[in-house]
>>> print(open('structure01.cif').read())   # mmCIF, C-alpha atoms
data_entry
#
loop_
_atom_site.label_atom_id
_atom_site.label_comp_id
_atom_site.auth_asym_id
_atom_site.auth_seq_id
_atom_site.Cartn_x
_atom_site.Cartn_y
_atom_site.Cartn_z
CA MET A 1 141.43 -88.36 80.26
CA PRO A 2 138.95 -87.29 77.52
CA ALA A 3 140.12 -84.79 74.91
CA ILE A 4 137.89 -81.81 74.06
CA GLY A 5 138.28 -80.00 70.75
CA PHE A 6 137.93 -76.21 70.78
CA LEU A 7 137.51 -74.77 67.29
CA ASN A 8 137.39 -70.99 66.73
CA PRO A 9 138.04 -68.77 63.68
CA THR A 10 139.73 -65.97 65.64
CA SER A 11 142.92 -65.63 67.72
CA PRO A 12 143.74 -66.63 71.32
CA ASP A 13 145.41 -63.23 71.72
CA THR A 14 142.15 -61.29 71.49
CA TYR A 15 139.55 -63.99 72.17
CA ALA A 16 141.08 -65.37 75.36
CA PHE A 17 138.11 -64.19 77.42
CA THR A 18 135.85 -66.65 75.60
CA ALA A 19 138.19 -69.57 76.27
CA ILE A 20 138.27 -68.57 79.95
CA ALA A 21 134.47 -68.53 80.09
CA PHE A 22 134.37 -71.93 78.36
CA ARG A 23 136.74 -73.44 80.93
CA THR A 24 134.65 -71.92 83.73
CA GLY A 25 131.53 -73.66 82.45
CA LEU A 26 133.46 -76.88 81.96
CA LYS A 27 134.66 -76.70 85.58
CA GLU A 28 131.10 -76.15 86.79
CA ALA A 29 130.22 -79.39 85.01
CA GLY A 30 133.01 -81.20 86.84
CA TYR A 31 135.90 -81.05 84.37
CA VAL A 32 139.20 -79.18 84.75
CA ASN A 33 141.69 -78.89 81.92
CA GLY A 34 144.85 -80.82 82.76
CA GLU A 35 143.26 -82.70 85.66
CA ASN A 36 140.46 -84.87 84.29
CA CYS A 37 140.23 -83.63 80.70
CA ARG A 38 142.44 -82.16 78.00
CA ILE A 39 141.44 -79.25 75.74
CA VAL A 40 142.87 -79.29 72.21
CA TYR A 41 142.68 -75.77 70.76
CA ARG A 42 142.49 -74.94 67.07
CA TRP A 43 142.37 -71.23 66.18
CA GLY A 44 141.73 -69.97 62.64
CA ARG A 45 143.39 -66.60 63.34
CA GLY A 46 140.93 -64.79 61.11
CA ALA A 47 140.95 -67.24 58.19
CA TYR A 48 137.50 -68.81 57.89
CA ASP A 49 138.68 -71.05 55.06
CA ARG A 50 141.06 -72.85 57.46
CA LEU A 51 138.22 -74.13 59.64
CA PRO A 52 137.54 -77.38 57.70
CA VAL A 53 141.21 -78.37 57.97
CA LEU A 54 141.32 -77.52 61.66
CA ALA A 55 138.11 -79.48 62.31
CA ALA A 56 139.60 -82.50 60.55
CA GLU A 57 142.67 -82.21 62.77
CA LEU A 58 140.47 -82.38 65.87
CA VAL A 59 138.79 -85.52 64.54
CA ASN A 60 142.23 -87.07 63.96
CA GLU A 61 143.09 -86.19 67.57
CA LYS A 62 140.17 -88.46 68.53
CA VAL A 63 138.50 -85.82 70.68
CA ALA A 64 135.41 -86.88 72.61
CA VAL A 65 133.51 -83.63 71.91
CA ILE A 66 134.05 -80.65 69.61
CA ALA A 67 133.17 -77.16 70.85
CA ALA A 68 132.61 -75.49 67.47
CA THR A 69 132.72 -71.89 68.63
CA GLY A 70 132.63 -68.62 66.72
CA ASP A 71 129.47 -68.89 64.62
CA VAL A 72 128.04 -70.91 61.74
CA ALA A 73 131.30 -71.46 59.83
CA SER A 74 132.84 -73.40 62.73
CA ALA A 75 129.70 -75.46 63.26
CA ARG A 76 129.49 -76.41 59.59
CA ALA A 77 133.17 -77.27 59.45
CA ALA A 78 132.77 -79.58 62.46
CA GLN A 79 129.68 -81.24 61.01
CA ALA A 80 131.46 -81.81 57.71
CA ALA A 81 134.37 -83.43 59.58
CA THR A 82 132.31 -85.88 61.65
CA GLY A 83 128.84 -87.32 61.88
CA THR A 84 129.44 -89.16 65.15
CA ILE A 85 131.53 -87.03 67.52
CA PRO A 86 129.24 -84.77 69.59
CA ILE A 87 129.36 -81.09 68.62
CA VAL A 88 128.45 -78.08 70.75
CA PHE A 89 128.24 -74.85 68.74
CA THR A 90 128.15 -71.19 69.74
CA ILE A 91 126.52 -69.07 67.05
CA GLY A 92 124.71 -65.79 66.63
CA ALA A 93 122.25 -67.09 64.05
CA ASP A 94 119.20 -69.35 63.93
CA PRO A 95 120.65 -72.90 63.81
CA VAL A 96 117.49 -74.34 62.27
CA ARG A 97 117.61 -71.88 59.38
CA PHE A 98 121.19 -72.92 58.59
CA GLY A 99 120.47 -76.63 58.88
CA LEU A 100 122.61 -77.27 61.95
CA VAL A 101 119.79 -78.84 63.97
CA ALA A 102 116.31 -80.19 63.28
CA SER A 103 114.68 -78.00 65.93
CA MET A 104 115.61 -75.82 68.87
CA ALA A 105 113.89 -78.10 71.39
CA ARG A 106 115.12 -81.44 70.00
CA PRO A 107 118.18 -80.89 67.82
CA GLY A 108 118.59 -84.50 66.67
CA GLY A 109 121.85 -85.92 65.35
CA ASN A 110 125.17 -85.22 67.04
CA THR A 111 124.86 -81.43 67.37
CA THR A 112 123.46 -78.93 69.86
CA GLY A 113 124.65 -75.66 71.34
CA ILE A 114 123.91 -72.06 72.15
CA SER A 115 122.43 -69.45 69.82
CA LEU A 116 122.38 -65.75 70.61
CA LEU A 117 120.03 -65.01 67.67
CA SER A 118 121.99 -61.76 67.55
CA ALA A 119 121.57 -61.21 63.82
CA ILE A 120 117.97 -60.13 64.42
CA LEU A 121 119.18 -57.37 66.76
CA SER A 122 120.66 -55.16 64.03
CA ALA A 123 117.43 -53.17 63.72
CA LYS A 124 117.41 -52.55 67.47
CA ARG A 125 121.01 -51.32 67.31
CA ILE A 126 120.08 -48.78 64.62
CA GLN A 127 117.29 -47.54 66.88
CA ILE A 128 119.61 -47.21 69.89
CA LEU A 129 122.24 -45.35 67.87
CA LYS A 130 119.61 -42.87 66.67
CA GLU A 131 118.28 -42.36 70.20
CA LEU A 132 121.77 -41.71 71.51
CA ALA A 133 122.77 -39.42 68.63
CA PRO A 134 119.63 -38.13 66.85
CA ARG A 135 121.66 -35.94 64.47
CA ILE A 136 122.97 -39.04 62.69
CA ASP A 137 121.19 -39.71 59.40
CA ARG A 138 123.98 -41.39 57.40
CA ILE A 139 125.04 -44.73 58.84
CA GLY A 140 127.83 -47.03 57.71
CA LEU A 141 127.58 -50.81 58.07
CA LEU A 142 130.70 -52.92 58.64
CA MET A 143 129.89 -56.41 57.33
CA ASN A 144 131.98 -59.54 56.84
CA PRO A 145 130.54 -61.28 53.75
CA ASP A 146 132.22 -64.54 54.77
CA ASN A 147 129.76 -64.77 57.68
CA TYR A 148 126.62 -66.73 56.80
CA THR A 149 124.39 -64.25 58.66
CA ALA A 150 125.79 -61.09 57.05
CA GLU A 151 123.14 -60.78 54.35
CA ALA A 152 120.20 -61.02 56.76
CA GLU A 153 121.83 -58.70 59.29
CA GLN A 154 122.56 -56.09 56.64
CA ARG A 155 119.02 -56.24 55.28
CA ASP A 156 117.47 -55.74 58.72
CA ALA A 157 119.75 -52.79 59.42
CA GLU A 158 118.92 -51.14 56.10
CA VAL A 159 115.18 -51.51 56.64
CA ALA A 160 115.42 -50.11 60.17
CA ALA A 161 117.51 -47.14 59.05
CA ALA A 162 115.10 -46.33 56.23
CA SER A 163 112.18 -46.36 58.68
CA LEU A 164 114.03 -43.71 60.70
CA ALA A 165 114.75 -41.55 57.67
CA SER A 166 118.42 -42.54 57.57
CA THR A 167 120.54 -43.83 54.71
CA THR A 168 123.14 -46.61 54.95
CA LEU A 169 126.34 -47.61 53.22
CA ALA A 170 127.43 -51.23 53.67
CA ILE A 171 131.15 -51.99 53.29
CA PRO A 172 132.35 -55.62 53.06
CA VAL A 173 135.48 -56.28 55.13
CA ARG A 174 137.51 -59.49 55.33
CA THR A 175 140.92 -58.20 56.45
CA ALA A 176 142.43 -55.57 58.74
CA GLN A 177 143.33 -53.57 55.63
CA ASP A 178 139.70 -53.70 54.51
CA ILE A 179 138.67 -52.12 57.81
CA ASP A 180 141.10 -49.23 57.30
CA LYS A 181 139.74 -48.69 53.80
CA ALA A 182 136.14 -48.87 55.04
CA PHE A 183 136.62 -45.98 57.43
CA GLY A 184 138.25 -44.01 54.64
CA ARG A 185 135.18 -44.65 52.50
CA PHE A 186 132.88 -43.70 55.38
CA ALA A 187 134.66 -40.34 55.60
CA GLN A 188 134.42 -39.77 51.85
CA GLU A 189 130.70 -40.54 51.83
CA GLY A 190 129.93 -38.38 54.87
CA MET A 191 128.88 -41.20 57.20
CA GLN A 192 128.21 -39.87 60.72
CA GLY A 193 127.81 -43.15 62.56
CA PHE A 194 128.24 -46.86 61.95
CA VAL A 195 127.09 -50.30 63.03
CA VAL A 196 129.40 -53.28 63.43
CA ALA A 197 127.91 -56.63 62.47
CA THR A 198 127.89 -59.63 64.78
CA ASP A 199 130.95 -61.46 63.51
CA PRO A 200 133.96 -63.15 65.21
CA PHE A 201 136.48 -61.53 62.86
CA LEU A 202 135.13 -58.05 63.59
CA ILE A 203 135.02 -58.70 67.33
CA ASN A 204 138.60 -59.93 67.06
CA ARG A 205 139.56 -56.58 65.44
CA ARG A 206 137.72 -54.47 68.04
CA MET A 207 140.75 -52.41 69.08
CA GLN A 208 141.44 -51.37 65.49
CA ILE A 209 137.79 -50.48 64.89
CA VAL A 210 137.45 -48.47 68.10
CA GLU A 211 140.66 -46.54 67.36
CA LEU A 212 139.51 -45.71 63.83
CA ALA A 213 136.14 -44.57 65.18
CA ALA A 214 137.87 -42.20 67.60
CA GLN A 215 140.14 -40.82 64.89
CA SER A 216 137.17 -40.31 62.58
CA ARG A 217 134.96 -38.92 65.36
CA MET A 218 132.19 -41.33 64.38
CA ALA A 219 129.57 -42.73 66.73
CA GLY A 220 129.57 -46.51 66.55
CA ILE A 221 127.31 -49.18 68.00
CA TYR A 222 128.69 -52.67 68.52
CA PRO A 223 127.30 -56.19 69.03
CA VAL A 224 129.08 -57.00 72.33
CA ARG A 225 130.30 -55.00 75.32
CA GLN A 226 133.97 -55.90 74.77
CA PHE A 227 134.01 -53.03 72.24
CA VAL A 228 132.81 -50.61 74.92
CA ASP A 229 135.40 -51.93 77.36
CA SER A 230 137.98 -51.10 74.68
CA GLY A 231 136.72 -47.51 74.31
CA GLY A 232 133.82 -47.89 71.88
CA LEU A 233 130.70 -45.75 72.31
CA VAL A 234 127.79 -48.16 72.82
CA SER A 235 126.95 -51.84 72.50
CA TYR A 236 123.77 -53.85 72.64
CA GLY A 237 123.46 -57.61 72.64
CA PRO A 238 123.74 -60.78 74.68
CA SER A 239 126.84 -61.75 76.66
CA LEU A 240 129.54 -63.69 74.82
CA SER A 241 130.96 -64.83 78.16
CA TRP A 242 127.56 -66.27 79.10
CA MET A 243 127.38 -68.15 75.80
CA TYR A 244 130.84 -69.73 76.12
CA ARG A 245 130.23 -70.62 79.75
CA GLN A 246 127.05 -72.47 78.75
CA ALA A 247 128.99 -74.23 75.99
CA GLY A 248 131.48 -75.46 78.58
CA ARG A 249 128.64 -76.77 80.73
CA TYR A 250 127.07 -78.57 77.77
CA VAL A 251 130.39 -80.21 76.86
CA GLY A 252 130.74 -81.40 80.46
CA GLN A 253 127.23 -82.85 80.42
CA ILE A 254 127.97 -84.72 77.19
CA LEU A 255 131.14 -86.17 78.72
CA ARG A 256 128.94 -87.47 81.52
CA GLY A 257 126.63 -89.21 79.07
CA ALA A 258 124.08 -86.64 77.86
CA ARG A 259 123.02 -86.96 74.21
CA PRO A 260 123.21 -83.84 72.00
CA ALA A 261 120.10 -84.94 70.11
CA GLU A 262 118.03 -84.41 73.26
CA MET A 263 119.75 -81.27 74.59
CA PRO A 264 117.78 -78.16 73.55
CA VAL A 265 119.60 -75.27 71.92
CA LEU A 266 119.98 -72.59 74.58
CA GLN A 267 119.11 -68.93 74.01
CA PRO A 268 119.83 -65.83 76.10
CA THR A 269 117.16 -64.28 78.27
CA GLU A 270 119.05 -61.07 79.04
CA PHE A 271 120.72 -58.45 76.84
CA GLU A 272 123.41 -55.94 77.75
CA LEU A 273 123.30 -52.24 76.92
CA ALA A 274 126.66 -50.63 77.69
CA ILE A 275 127.77 -47.03 77.07
CA ASN A 276 131.29 -45.66 77.37
CA VAL A 277 130.92 -42.27 79.09
CA LYS A 278 134.31 -40.97 77.95
CA ALA A 279 133.60 -41.88 74.34
CA ALA A 280 130.25 -40.11 74.53
CA GLU A 281 131.86 -36.98 75.99
CA SER A 282 134.54 -36.95 73.30
CA LEU A 283 131.79 -36.93 70.67
CA ASP A 284 129.73 -34.28 72.52
CA ILE A 285 126.94 -36.81 73.01
CA GLY A 286 124.75 -36.55 76.07
CA VAL A 287 123.34 -39.86 77.29
CA PRO A 288 119.53 -39.54 77.60
CA PRO A 289 118.43 -40.09 81.23
CA ALA A 290 116.05 -42.89 80.27
CA MET A 291 118.87 -44.71 78.47
CA ALA A 292 121.33 -44.10 81.30
CA VAL A 293 119.00 -45.90 83.71
CA LEU A 294 118.92 -49.00 81.50
CA ALA A 295 122.60 -49.05 80.49
CA GLU A 296 125.78 -50.04 82.22
CA LEU A 297 127.91 -46.92 82.11
CA VAL A 298 131.59 -47.63 81.51
CA ALA A 299 133.96 -44.87 82.63
CA GLU A 300 137.21 -46.18 81.14
#
>>> encode(input="structure01.cif", output="structure tokens")
Amino acid sequence: MPAIGFLNPTSPDTYAFTAIAFRTGLKEAGYVNGENCRIVYRWGRGAYDRLPVLAAELVNEKVAVIAATGDVASARAAQAATGTIPIVFTIGADPVRFGLVASMARPGGNTTGISLLSAILSAKRIQILKELAPRIDRIGLLMNPDNYTAEAEQRDAEVAAASLASTTLAIPVRTAQDIDKAFGRFAQEGMQGFVVATDPFLINRRMQIVELAAQSRMAGIYPVRQFVDSGGLVSYGPSLSWMYRQAGRYVGQILRGARPAEMPVLQPTEFELAINVKAAESLDIGVPPAMAVLAELVAE
């Protein structure tokens, strides 16, 4: 029974939906945990610096494949731990830019995976937030500086905001306490809306962020729809569940003999726009008809 390593920097308590999607994809490839394979989970619980140790533990477990999920930090930790065990990553960034693969079409080496390229969507999120709430001209940015894509994502957001005559204030957050302080700073500086970066830690803290947004009466736009399902205003981006499902499929294919070097890095072809109607009403925001047609309207 082959062992599969599952490495993630967040917590199984709040990221369980990704593990479920991963197992679904694995089953579609012919493998069921506990029947003909065994998944060995390693969760960082918000501590990115633990990932190298956790990756080394998976190598010592003699896993057949490592699913290095949760962005670039996991992928790099896995690559540092082994040059021979196949690795399937799930990241939001360009894997070529960060040296994870030689090319998208032919990755080479022992690594392939799925990239959402979500970091380049920060400018689009600024645009959507302004369309939904035109009065907003001061926008806060929640960024995790431990994420390799944070700098590029912040830069794109700042440029987009400036082009729409809006100013931004970027706040670095690494802990739950940092998030509380960030919203306090947003209030002091008169921020009217905010953008949450594409980052596993921030997605993991979605309930806290959504609650603080409601208390502060700030319009927020988020990278994935799980925020909207939790009561957040609007999200735009690819599906995390789709990404983890594809990762499960890729792991199954590798167990059947496929070589990562020849498996192209997958990218999404569809993006989700979701709007929480109750959150919009609480902020006295009317959803433009043209946007309502394109969006999935969440009533909870």
>>> closest_residue(input="structure01.cif", among="A:Ala123, A:Gly248, A:Ala176, A:Ala182", to="Ala160 of chain A", atoms="all atoms listed in the file")
A:Ala123
>>> residues_around(input="structure01.cif", residues="segment 257-265 of chain A", least_positions_apart="5", cutoff="7 Å", atoms="all atoms listed in the file", output="PyMOL selection string")
chain A and resi 86+104-115
>>> resolve_selection(input="structure01.cif", expression="the PyMOL selection byres ((chain A and resi 60) around 12)", output="ChimeraX atom specification")
/A:3,5,40,53-59,61-64,66,81-82,85
>>> resolve_selection(input="structure01.cif", expression="the PyMOL selection byres ((chain A and resi 89) around 7)", output="PyMOL selection string")
chain A and resi 67-69+75+87-88+90-91+112-114
>>> atom_distance(input="structure01.cif", atom1="atom CA of Leu117 of chain A", atom2="atom CA of Leu202 of chain A")
17.1 Å
>>> resolve_selection(input="structure01.cif", expression="the PyMOL selection byres ((chain A and resi 144) around 6)", output="list in words")
Met143, Pro145, Asp146, Asn147, Pro172, Val173 and Arg174 of chain A
>>> residues_around(input="structure01.cif", residues="Pro12 of chain A", least_positions_apart="5", cutoff="9 Å", atoms="all atoms listed in the file", output="PyMOL selection string")
chain A and resi 17-19+43+45
>>> atom_distance(input="structure01.cif", atom1="atom CA of Thr24 of chain A", atom2="atom CA of Val196 of chain A")
28.1 Å
>>> residues_around(input="structure01.cif", residues="Arg125 of chain A", least_positions_apart="6", cutoff="10 Å", atoms="all atoms listed in the file", output="ChimeraX atom specification")
/A:131,157,160-161,195-197,220-223,234-237,273
>>> closest_residue(input="structure01.cif", among="A:Pro288, A:Gly92, A:Pro200, A:Pro134", to="Glu153 of chain A", atoms="only C-alpha atoms")
A:Gly92
>>> closest_residue(input="structure01.cif", among="A:Gln192, A:Cys37, A:Ala150, A:Leu132", to="Ala274 of chain A", atoms="only C-alpha atoms")
A:Leu132
>>> closest_residue(input="structure01.cif", among="A:Gln208, A:Arg155, A:Thr198, A:Lys130", to="Asp178 of chain A", atoms="all atoms listed in the file")
A:Gln208
>>> atom_distance(input="structure01.cif", atom1="atom CA of Arg249 of chain A", atom2="atom CA of Glu28 of chain A")
6.6 Å
>>> residues_around(input="structure01.cif", residues="Gly34 of chain A", least_positions_apart="2", cutoff="12 Å", atoms="all atoms listed in the file", output="count of residues only")
13
>>> closest_residue(input="structure01.cif", among="A:Ala247, A:Val96, A:Met218, A:Ile128", to="Ala279 of chain A", atoms="only C-alpha atoms")
A:Met218
>>> residues_around(input="structure01.cif", residues="Thr168 of chain A", least_positions_apart="4", cutoff="10 Å", atoms="all atoms listed in the file", output="JSON, numbers by chain")
{"A": [137, 138, 139, 140, 141, 154, 157, 158, 159, 160, 161, 162, 191, 193, 194, 195]}
>>> residues_near_point(input="structure01.cif", point="(140.7, -62.9, 71.1)", cutoff="12 Å", atoms="all atoms listed in the file", output="PyMOL selection string")
chain A and resi 8-20+43-46+70+200-207+226-227+240
